[in-house]
Every structure is written in C-alpha cells, then in structure tokens.
$ cat my_file.cif   # mmCIF, C-alpha atoms
data_final
loop_
_atom_site.label_atom_id
_atom_site.label_comp_id
_atom_site.auth_asym_id
_atom_site.auth_seq_id
_atom_site.Cartn_x
_atom_site.Cartn_y
_atom_site.Cartn_z
CA MET A 1 -15.66 273.51 71.11
CA ASN A 2 -14.60 270.13 69.86
CA THR A 3 -12.78 269.83 66.58
CA SER A 4 -12.69 266.84 64.29
CA ALA A 5 -9.50 265.31 62.95
CA SER A 6 -9.90 267.25 59.70
CA GLY A 7 -10.00 270.47 61.66
CA THR A 8 -13.66 271.22 60.98
CA PRO A 9 -15.32 272.52 64.13
CA ASP A 10 -18.38 270.71 65.44
CA PRO A 11 -21.63 272.58 64.87
CA ALA A 12 -23.94 273.60 67.69
CA ILE A 13 -26.78 271.15 68.35
CA ASP A 14 -29.59 273.68 68.29
CA SER A 15 -32.95 273.93 66.56
CA ALA A 16 -31.22 274.81 63.27
CA PHE A 17 -29.25 271.54 63.51
CA VAL A 18 -32.42 269.52 63.97
CA ARG A 19 -34.10 271.38 61.10
CA ARG A 20 -31.13 270.55 58.86
CA TRP A 21 -31.51 266.93 59.95
CA LEU A 22 -35.23 266.97 59.09
CA SER A 23 -34.66 268.45 55.68
CA LEU A 24 -31.84 265.99 54.87
CA ALA A 25 -33.87 263.07 56.21
CA THR A 26 -36.90 264.12 54.18
CA SER A 27 -34.97 264.26 50.92
CA ALA A 28 -33.12 261.00 51.66
CA ILE A 29 -36.46 259.26 52.27
CA GLU A 30 -37.85 260.80 49.10
CA HIS A 31 -34.88 259.62 47.03
CA LYS A 32 -34.91 256.12 48.50
CA SER A 33 -38.67 255.75 48.68
CA SER A 34 -38.99 253.21 45.87
CA TRP A 35 -36.07 251.19 47.24
CA LEU A 36 -37.73 251.07 50.69
CA THR A 37 -40.99 249.97 49.11
CA GLU A 38 -39.15 247.36 47.05
CA LEU A 39 -37.52 245.94 50.20
CA ASP A 40 -40.92 246.01 51.89
CA SER A 41 -42.61 244.21 49.01
CA ALA A 42 -40.28 241.24 49.55
CA ILE A 43 -41.23 240.68 53.20
CA GLY A 44 -43.88 243.24 54.11
CA ASP A 45 -46.84 244.98 52.56
CA ALA A 46 -45.00 247.19 50.05
CA ASP A 47 -45.88 250.52 51.61
CA HIS A 48 -42.86 251.51 53.70
CA GLY A 49 -41.43 253.96 51.15
CA THR A 50 -44.70 255.76 50.46
CA ASN A 51 -45.62 255.80 54.16
CA MET A 52 -42.27 257.29 55.19
CA GLN A 53 -42.37 259.80 52.38
CA ARG A 54 -45.86 260.96 53.37
CA GLY A 55 -44.86 261.18 57.04
CA PHE A 56 -41.66 263.17 56.53
CA ALA A 57 -43.28 265.51 53.99
CA ALA A 58 -46.04 266.24 56.53
CA ALA A 59 -43.50 266.71 59.34
CA SER A 60 -41.38 269.10 57.24
CA ALA A 61 -44.41 271.16 56.31
CA ALA A 62 -45.59 271.28 59.93
CA VAL A 63 -42.20 272.33 61.29
CA GLU A 64 -42.02 275.10 58.68
CA ARG A 65 -45.45 276.35 59.69
CA GLU A 66 -44.76 276.35 63.41
CA PRO A 67 -41.26 277.51 64.17
CA SER A 68 -39.94 275.74 67.25
CA ASN A 69 -37.04 277.31 69.10
CA THR A 70 -35.29 274.40 70.76
CA PRO A 71 -33.92 271.13 69.35
CA GLY A 72 -36.15 269.21 71.76
CA GLU A 73 -39.24 271.02 70.57
CA VAL A 74 -38.50 270.35 66.89
CA LEU A 75 -37.91 266.62 67.49
CA THR A 76 -41.09 266.34 69.57
CA HIS A 77 -43.07 268.10 66.87
CA VAL A 78 -41.71 265.83 64.12
CA GLY A 79 -42.54 262.79 66.25
CA ARG A 80 -46.13 263.88 66.72
CA GLN A 81 -46.53 264.45 62.96
CA LEU A 82 -45.12 261.03 62.13
CA ILE A 83 -47.57 259.32 64.48
CA SER A 84 -50.48 261.06 62.79
CA SER A 85 -49.43 260.87 59.17
CA VAL A 86 -47.30 257.80 58.33
CA GLY A 87 -50.18 255.30 58.33
CA GLY A 88 -48.08 252.19 59.05
CA ALA A 89 -46.21 250.80 62.06
CA ALA A 90 -43.24 253.07 61.28
CA GLY A 91 -45.37 256.07 62.32
CA PRO A 92 -45.89 255.21 65.98
CA LEU A 93 -42.39 253.66 66.20
CA TYR A 94 -40.36 256.58 64.78
CA GLY A 95 -42.86 259.02 66.28
CA THR A 96 -42.31 257.61 69.76
CA LEU A 97 -38.53 257.55 69.25
CA LEU A 98 -38.39 261.24 68.32
CA ARG A 99 -40.90 262.40 70.90
CA ARG A 100 -39.05 260.57 73.64
CA ALA A 101 -35.71 261.95 72.43
CA GLY A 102 -37.21 265.44 72.17
CA LYS A 103 -38.52 265.29 75.71
CA ALA A 104 -35.15 264.07 76.95
CA LEU A 105 -33.50 267.17 75.45
CA GLY A 106 -35.79 269.37 77.54
CA ASP A 107 -36.11 273.05 76.67
CA GLN A 108 -32.45 273.94 76.29
CA PRO A 109 -31.68 276.11 73.23
CA ALA A 110 -28.61 273.97 72.48
CA VAL A 111 -27.38 270.63 73.81
CA THR A 112 -24.06 268.79 73.99
CA PRO A 113 -23.24 265.76 71.81
CA GLU A 114 -23.46 263.65 74.99
CA GLU A 115 -26.96 264.96 75.71
CA LEU A 116 -28.04 264.22 72.13
CA CYS A 117 -26.64 260.70 72.48
CA VAL A 118 -28.46 260.06 75.77
CA ALA A 119 -31.70 261.37 74.21
CA LEU A 120 -31.34 259.09 71.17
CA ARG A 121 -30.62 256.11 73.43
CA SER A 122 -33.76 256.80 75.41
CA GLY A 123 -35.75 257.16 72.16
CA VAL A 124 -34.45 253.85 70.84
CA ASP A 125 -35.27 252.15 74.15
CA SER A 126 -38.83 253.44 73.85
CA VAL A 127 -39.12 251.85 70.38
CA ALA A 128 -38.03 248.50 71.84
CA GLN A 129 -40.60 248.89 74.60
CA LEU A 130 -43.46 249.92 72.30
CA GLY A 131 -42.80 247.15 69.79
CA ARG A 132 -41.92 244.60 72.51
CA SER A 133 -38.94 243.89 70.37
CA GLU A 134 -35.22 243.50 70.78
CA ARG A 135 -32.11 243.50 68.66
CA GLY A 136 -31.93 240.48 66.35
CA ASP A 137 -35.67 240.45 65.56
CA LYS A 138 -34.99 241.95 62.09
CA THR A 139 -36.39 245.40 62.82
CA MET A 140 -35.23 249.03 62.87
CA LEU A 141 -33.57 248.25 66.22
CA ASP A 142 -30.92 246.28 64.33
CA SER A 143 -29.52 249.51 62.92
CA LEU A 144 -30.58 251.90 65.71
CA TYR A 145 -28.85 250.12 68.60
CA PRO A 146 -25.49 249.72 66.81
CA ALA A 147 -25.70 253.41 65.82
CA VAL A 148 -26.34 254.63 69.36
CA GLU A 149 -23.63 252.36 70.77
CA ALA A 150 -21.10 253.52 68.19
CA MET A 151 -21.92 257.11 69.06
CA GLU A 152 -21.60 256.43 72.79
CA PHE A 153 -18.26 254.70 72.26
CA ALA A 154 -16.90 257.48 70.06
CA LEU A 155 -17.92 260.21 72.50
CA SER A 156 -16.50 258.35 75.49
CA SER A 157 -13.22 257.92 73.58
CA GLY A 158 -12.95 261.66 73.15
CA SER A 159 -14.41 262.15 69.66
CA GLY A 160 -16.52 265.17 68.84
CA LEU A 161 -19.96 265.30 67.26
CA LEU A 162 -18.83 264.91 63.63
CA ALA A 163 -16.76 261.80 64.28
CA ALA A 164 -19.35 260.30 66.65
CA LEU A 165 -22.18 260.71 64.12
CA ALA A 166 -19.98 259.40 61.31
CA ALA A 167 -19.35 256.29 63.42
CA ALA A 168 -23.08 256.01 64.09
CA ARG A 169 -23.82 256.18 60.37
CA THR A 170 -21.35 253.39 59.56
CA ALA A 171 -22.72 251.21 62.37
CA ALA A 172 -26.32 251.79 61.23
CA ASP A 173 -25.48 250.88 57.63
CA GLU A 174 -23.70 247.72 58.77
CA GLY A 175 -26.59 246.90 61.09
CA ALA A 176 -29.12 247.27 58.26
CA ALA A 177 -27.03 245.08 55.94
CA ALA A 178 -26.69 242.50 58.71
CA THR A 179 -30.48 242.00 58.82
CA VAL A 180 -30.36 240.05 55.54
CA PRO A 181 -29.70 236.58 57.05
CA ILE A 182 -31.96 237.16 60.09
CA LEU A 183 -35.33 235.44 60.55
CA ALA A 184 -37.99 238.08 61.27
CA ARG A 185 -39.64 237.87 64.66
CA ARG A 186 -41.72 241.06 64.61
CA GLY A 187 -44.05 242.82 62.23
CA ARG A 188 -45.67 241.59 59.05
CA ALA A 189 -42.42 239.87 57.97
CA SER A 190 -42.60 237.52 60.97
CA TYR A 191 -45.54 235.69 59.35
CA LEU A 192 -43.14 234.60 56.60
CA GLY A 193 -40.94 232.63 59.01
CA GLU A 194 -37.97 231.13 57.14
CA ARG A 195 -38.93 232.96 53.96
CA SER A 196 -38.01 236.27 55.61
CA ILE A 197 -34.36 235.15 55.51
CA GLY A 198 -32.31 236.63 52.65
CA HIS A 199 -34.00 240.03 52.57
CA GLN A 200 -32.80 243.30 54.11
CA ASP A 201 -35.26 244.74 56.60
CA PRO A 202 -36.96 247.92 55.31
CA GLY A 203 -37.27 249.39 58.82
CA ALA A 204 -33.59 248.90 59.60
CA THR A 205 -32.85 250.47 56.20
CA SER A 206 -34.96 253.60 56.76
CA ALA A 207 -33.51 253.91 60.27
CA ALA A 208 -30.01 253.93 58.76
CA LEU A 209 -31.11 256.74 56.40
CA LEU A 210 -32.31 258.78 59.38
CA ILE A 211 -29.02 258.24 61.23
CA ALA A 212 -27.03 259.16 58.10
CA ALA A 213 -29.05 262.39 57.92
CA PHE A 214 -27.79 263.27 61.44
CA ALA A 215 -24.20 262.79 60.28
CA GLU A 216 -24.87 264.95 57.20
CA ALA A 217 -26.56 267.64 59.31
CA ALA A 218 -23.36 267.89 61.37
CA GLU A 219 -21.23 268.14 58.22
CA ALA A 220 -23.43 270.57 56.34
CA VAL A 221 -22.60 273.76 58.23
CA MET B 1 -81.38 260.99 81.78
CA THR B 2 -79.90 257.90 80.21
CA ARG B 3 -77.13 256.13 82.03
CA ARG B 4 -73.70 256.91 80.60
CA ARG B 5 -72.13 253.90 78.88
CA VAL B 6 -68.53 252.94 78.39
CA GLY B 7 -67.53 253.45 74.76
CA VAL B 8 -65.90 250.81 72.55
CA VAL B 9 -63.67 251.65 69.58
CA LEU B 10 -62.64 249.06 67.00
CA VAL B 11 -59.41 249.81 65.12
CA SER B 12 -58.70 247.70 62.06
CA HIS B 13 -56.47 248.05 59.00
CA SER B 14 -59.67 247.76 56.99
CA ALA B 15 -62.67 250.12 57.19
CA GLU B 16 -64.96 247.26 56.15
CA VAL B 17 -63.64 244.94 58.87
CA ALA B 18 -63.96 247.57 61.62
CA GLY B 19 -67.44 248.60 60.45
CA SER B 20 -68.76 245.06 60.05
CA VAL B 21 -67.39 243.83 63.36
CA ALA B 22 -68.91 246.89 65.08
CA GLU B 23 -72.25 246.15 63.44
CA MET B 24 -72.12 242.47 64.36
CA ALA B 25 -71.23 243.22 67.99
CA ARG B 26 -74.01 245.77 68.21
CA CYS B 27 -76.53 243.22 66.90
CA LEU B 28 -75.37 240.62 69.41
CA ALA B 29 -75.72 242.99 72.36
CA THR B 30 -79.10 242.94 74.07
CA GLY B 31 -80.35 246.49 73.91
CA GLY B 32 -77.74 247.02 71.24
CA ALA B 33 -79.03 250.53 70.65
CA ALA B 34 -77.50 251.49 74.01
CA ALA B 35 -74.01 250.40 73.00
CA ALA B 36 -71.63 253.20 72.07
CA VAL B 37 -69.36 251.55 69.55
CA ALA B 38 -67.36 253.28 66.84
CA ALA B 39 -65.21 251.93 64.03
CA ALA B 40 -61.85 253.41 63.06
CA GLY B 41 -60.81 251.42 60.03
CA GLY B 42 -58.27 251.87 57.28
CA ALA B 43 -56.10 254.77 56.26
CA GLU B 44 -57.48 258.27 56.39
CA GLY B 45 -58.05 258.67 52.67
CA GLY B 46 -59.39 255.11 52.33
CA GLY B 47 -57.43 251.93 51.65
CA ILE B 48 -55.67 249.58 54.04
CA GLY B 49 -53.74 251.18 56.90
CA THR B 50 -54.06 252.95 60.23
CA SER B 51 -55.06 256.54 60.85
CA ALA B 52 -54.33 258.25 64.14
CA GLU B 53 -56.88 260.91 63.21
CA LEU B 54 -59.68 258.39 62.64
CA ILE B 55 -58.82 256.71 65.95
CA LYS B 56 -58.92 260.02 67.85
CA ARG B 57 -62.23 260.99 66.26
CA ALA B 58 -63.80 257.59 67.01
CA VAL B 59 -62.72 257.71 70.66
CA HIS B 60 -64.12 261.21 71.11
CA ARG B 61 -67.38 260.17 69.46
CA VAL B 62 -68.10 257.39 71.98
CA ASP B 63 -66.54 259.01 75.06
CA ALA B 64 -69.27 259.76 77.59
CA GLY B 65 -66.79 260.47 80.35
CA VAL B 66 -66.86 256.99 81.90
CA GLY B 67 -64.07 255.41 79.85
CA VAL B 68 -63.46 253.97 76.40
CA VAL B 69 -62.09 250.51 75.58
CA VAL B 70 -60.13 250.27 72.33
CA ILE B 71 -59.64 246.96 70.53
CA ALA B 72 -57.13 246.85 67.67
CA ASP B 73 -56.33 244.19 65.09
CA LEU B 74 -52.62 244.03 64.15
CA GLY B 75 -49.24 245.78 64.01
CA SER B 76 -49.65 249.47 63.27
CA ALA B 77 -53.22 249.55 64.59
CA VAL B 78 -52.00 248.33 67.99
CA LEU B 79 -48.84 250.49 67.97
CA THR B 80 -50.70 253.66 66.96
CA VAL B 81 -53.20 253.29 69.81
CA LYS B 82 -50.34 252.66 72.26
CA ALA B 83 -48.41 255.71 71.01
CA LEU B 84 -51.53 257.92 71.26
CA LEU B 85 -52.19 256.70 74.81
CA GLU B 86 -48.59 257.33 75.80
CA ASP B 87 -48.77 260.88 74.39
CA LYS B 88 -52.03 261.48 76.27
CA GLU B 89 -53.75 262.27 72.98
CA LEU B 90 -56.82 260.24 73.94
CA PRO B 91 -59.32 261.22 76.67
CA ASP B 92 -58.68 260.09 80.26
CA GLY B 93 -60.14 256.68 80.95
CA THR B 94 -59.30 255.32 77.48
CA ARG B 95 -57.53 251.98 77.49
CA LEU B 96 -56.30 249.44 74.97
CA ALA B 97 -57.62 245.92 75.60
CA ASP B 98 -55.28 242.98 75.05
CA ALA B 99 -57.93 241.04 73.16
CA PRO B 100 -58.72 239.16 69.95
CA PHE B 101 -60.45 241.52 67.53
CA LEU B 102 -63.83 240.00 66.78
CA GLU B 103 -64.42 237.97 69.92
CA GLY B 104 -63.10 240.79 72.08
CA ALA B 105 -65.35 243.30 70.34
CA VAL B 106 -68.44 241.20 70.96
CA GLY B 107 -67.51 240.69 74.63
CA ALA B 108 -66.80 244.37 75.14
CA VAL B 109 -69.89 245.72 73.37
CA VAL B 110 -72.27 243.28 75.07
CA THR B 111 -70.77 244.15 78.46
CA ALA B 112 -70.77 247.90 77.78
CA ALA B 113 -74.40 247.81 76.62
CA ALA B 114 -75.29 246.14 79.91
CA GLY B 115 -73.94 249.18 81.74
CA ALA B 116 -70.69 247.74 83.15
CA ASP B 117 -67.75 249.96 84.08
CA VAL B 118 -64.61 250.37 81.98
CA ALA B 119 -62.61 247.72 83.88
CA ALA B 120 -65.36 245.15 83.37
CA VAL B 121 -65.70 246.01 79.68
CA ALA B 122 -61.94 245.65 79.13
CA ALA B 123 -61.92 242.39 81.12
CA ALA B 124 -64.77 241.01 78.99
CA ALA B 125 -62.75 241.72 75.85
CA GLU B 126 -59.60 240.18 77.29
CA GLU B 127 -61.38 237.06 78.56
CA ALA B 128 -62.22 236.27 74.93
CA TYR B 129 -58.70 234.84 74.58
CA GLY B 130 -59.76 232.04 76.92
CA TYR B 131 -62.63 230.83 74.75
CA ARG B 132 -61.54 227.50 73.23
CA LYS B 133 -63.16 226.34 70.01
CA ALA B 134 -61.80 222.83 69.80
#

$ encode --input "my_file.cif" --output "structure tokens"
Amino acid sequence: MNTSASGTPDPAIDSAFVRRWLSLATSAIEHKSSWLTELDSAIGDADHGTNMQRGFAAASAAVEREPSNTPGEVLTHVGRQLISSVGGAAGPLYGTLLRRAGKALGDQPAVTPEELCVALRSGVDSVAQLGRSERGDKTMLDSLYPAVEAMEFALSSGSGLLAALAAARTAADEGAAATVPILARRGRASYLGERSIGHQDPGATSAALLIAAFAEAAEAV
Amino acid sequence: MTRRRVGVVLVSHSAEVAGSVAEMARCLATGGAAAAVAAAGGAEGGGIGTSAELIKRAVHRVDAGVGVVVIADLGSAVLTVKALLEDKELPDGTRLADAPFLEGAVGAVVTAAAGADVAAVAAAAEEAYGYRKA
C-alpha cells in the first residue's frame, strides 16, 4: 500500500470510494449550485447549477436504491442517471465520461490508482469526442485534461493516490480559472463570440468540483 | 397489412417547436397520414431543455422495426441523442441525421411517407443542408 508524505495510507479504490465521491460531489454541487448558475447566466442559459443539482440528486438516489458492488458499476450507474436527468448538455457529457470510465474499470472489486487514472483519461477523451471539442475551447475539457495529466504525472513520479488526486484538484482549479480570458468555441457561449471573454466557464468549474470530490473521497477515510 | 414505414423523431429544446415542425412536415408529406413522426420537445416536466426519457419514448412510438431517423436542433438535444445511441438505449436501426432541423424534418418525413428505407430517409434529411436560398 502506498503512503502519502503525511503518513496517511491511501484508501482502497472500491465501490465505497466511488460512493464517497458521489456523496461529496452531490453536496459540492448543491452548495455551489447558485454560483454555477450565476456563471452560466453570464455566457450560457442560466441553468447549469439547477441542472447539475437535479442530475446528481437523482444519481445519488438511484445508487442508494440499487447497491452496486464494484467501482466500475457505480460510475456506470451514475453516468446513466446523469444522461437521463440533467436536462442540459452537461448530462450527456458527464454521463458519457462516467460511463466510459466505469466500463474501463471493468468488474474488479477494487482498482489501482493507475487503473483509475487510465479510466478517467478514457472518459475525458470520450467527452472530447462526443462534443467534437478540444482543450482551449472554453469547456469542461479545460479543467478535465489538466487534472488527468497532473494525476498521470504524479503517479508516474511515484506518488500515491492521495497526492495524485490532490495534484489533479489543483490542476483542475487552475484550468477552470484559466478559462476566463478564453473565447468560447463550443456550446451556447460560442454564439457570444468576443463577449464570452472575461467569464469563467461554468462547465470547467463544475468539472473542477467533481475532481475535487475525488481528492476529498481519498482523504475522507 | 400496411407497409411498415421508417419513423422520424424531432428533438428540440422546445415542445412547441418540435410539435409544430412535426405537424408542418406531416402536412407537407403526400399521404401524410402514413408518416410516423413523433416530437420530443423540451424538458420532461415542461420548459426549455432536453429529456432523454421523452426521446426514448418518441423513438419507441414510431419504431416499426425498419429504422428511425432522429433530427435534433442544438447542443444538448444533439448530445443526448448521441449519448443514447452510444449506450444502445435506442432500438436497433435508429440513427441521428446530420441535418438542419426544419428543412431536414420535411425532407425526412416526406421521404419516409413515400415508403423509402432508413438510409434514404436520413439522406433526404441531410441533403437539406445543400438547399441554397439566395
């Protein structure tokens, strides 16, 4: 078992880990819902907070009803719920990310940090593919790609799960903040052209909240 | 026995837009009664948005086993259909047309009502991009 610099052992990445992530993500989204909507009202259609809140509440309820035994199964289940209940573009995008990541984890009862990282990378790639988008378009990819790369780098440099997810959280936050000066090329904000400059992207912001919830799930053992 | 027709589903952020475009396309199709077209518009509880449930229901309603062509308006409507197709949550033979919403709908419904197969119905919708107005 890997141990972080502070001496805290890394937790197992099992279905309980993913459930902790879901519960932390759901309350983070709930707390930041009005902020997400406020960001979305500047360059979008002012529904990102409410949509995400509805989607994660539905996913939490569904996962409680149907206990899934593997981390892959829980992620896949959450993804399916988001697709059916968010009601905006974030639904199919986050839904596809989590379903793809869940499938990549297979049916193992617990996975390694490296396997989690590979699964997240493949989920993020599927978002890029679905949205025909790339980094720099002022989307959720602007925090997701830096997060996955920071995690990959940390793991390949010998860090454990805690440190790797902490690095991912910092990179995601920086990525979200760095969307402010970008001109939007995808989504509703792209219709604004130059006027989309100067606002932080709501999708990159909610993505950073979801990554932070992974870091907290690793800490909260 | 009536010949089985390809179904057409119109997915818009607005229930009124999806319903009106479906109605207009049906009226423009000769033998419009034969066209199987369904609207999936707006969020599930009403209002502007996209509902995966409404999309699934609409596809099942017009699916006669010979394919369904889905035409979507913008953003989340397009992405939700793509995600549902990728997850195999829609019946076999369902496809998303790369088409303008209204013109594509008319092309698809007219072609479907005439008894064409799913490839021809999708092609009719997609050819609508080539229609110049000026």

$ resolve_selection --input "my_file.cif" --expression "the PyMOL selection byres ((chain B) within 6 of (chain A))" --output "MDAnalysis selection string"
chainID B and resid 49:52 76 79:80 83

$ resolve_selection --input "my_file.cif" --expression "the PyMOL selection byres ((chain A and resi 106) around 10)" --output "MDAnalysis selection string"
chainID A and resid 70:73 101:105 107:111 119

$ closest_residue --input "my_file.cif" --among "B:Ala105, B:Val9, B:Leu84, B:Ala97" --to "Ala58 in chain B" --atoms "all atoms listed in the file"
B:Val9

$ residues_around --input "my_file.cif" --residues "range 172-177 of chain A" --least-positions-apart "3" --cutoff "9 Å" --atoms "all atoms listed in the file" --output "list in words"
Lys138, Thr139, Met140, Leu141, Asp142, Ser143, Leu144, Tyr145, Pro146, Ala147, Val148, Ala150, Ala167, Ala168, Arg169, Val180, Pro181, Gln200, Asp201, Pro202, Gly203, Ala204, Thr205, Ser206, Ala207, Ala208, Leu209, Ile211 and Ala212 of chain A

$ atom_distance --input "my_file.cif" --atom1 "CA of Ile43 in chain A" --atom2 "CA of Ile48 in chain B"
17.0 Å

$ resolve_selection --input "my_file.cif" --expression "the PyMOL selection byres ((chain B and resi 54) around 9)" --output "ChimeraX atom specification"
/B:11,39-44,50-53,55-59

$ closest_atom_pairs --input "my_file.cif" --of "range 47-86 of chain B" --to "range 115-122 of chain B" --cutoff "12 Å" --atoms "all atoms listed in the file" --output "CSV"
residue,atom,partner,partner_atom,distance
B:Asp63,CA,B:Val118,CA,11.2
B:Ala64,CA,B:Val118,CA,11.4
B:Gly65,CA,B:Val118,CA,10.5
B:Val66,CA,B:Val118,CA,7.0
B:Gly67,CA,B:Val118,CA,5.5
B:Val68,CA,B:Val118,CA,6.7
B:Val69,CA,B:Ala122,CA,6.0
B:Val70,CA,B:Ala122,CA,8.4
B:Ile71,CA,B:Ala122,CA,9.0

$ atom_distance --input "my_file.cif" --atom1 "CA of Met151 in chain A" --atom2 "CA of Ile29 in chain A"
22.3 Å

$ atom_distance --input "my_file.cif" --atom1 "CA of Arg185 in chain A" --atom2 "CA of Gly130 in chain B"
24.3 Å

$ decode --input "my_file.cif" --residues "range 9-23 of chain A" --atoms "C-alpha atoms" --output "compact mmCIF listing (two decimals), in the first residue's frame"
# COMPACT_ATOMS: atom_id res chain seq x y z
CA PRO A 9 -2.26 5.42 3.91
CA ASP A 10 -4.04 5.54 0.57
CA PRO A 11 -7.59 4.18 0.67
CA ALA A 12 -8.75 1.29 -1.49
CA ILE A 13 -10.45 2.33 -4.72
CA ASP A 14 -13.54 0.19 -4.33
CA SER A 15 -17.27 0.80 -4.58
CA ALA A 16 -17.25 2.54 -1.18
CA PHE A 17 -14.66 5.00 -2.53
CA VAL A 18 -16.84 5.82 -5.52
CA ARG A 19 -19.89 6.18 -3.28
CA ARG A 20 -17.97 8.62 -1.08
CA TRP A 21 -17.05 10.52 -4.24
CA LEU A 22 -20.70 10.65 -5.33
CA SER A 23 -21.89 11.90 -1.99
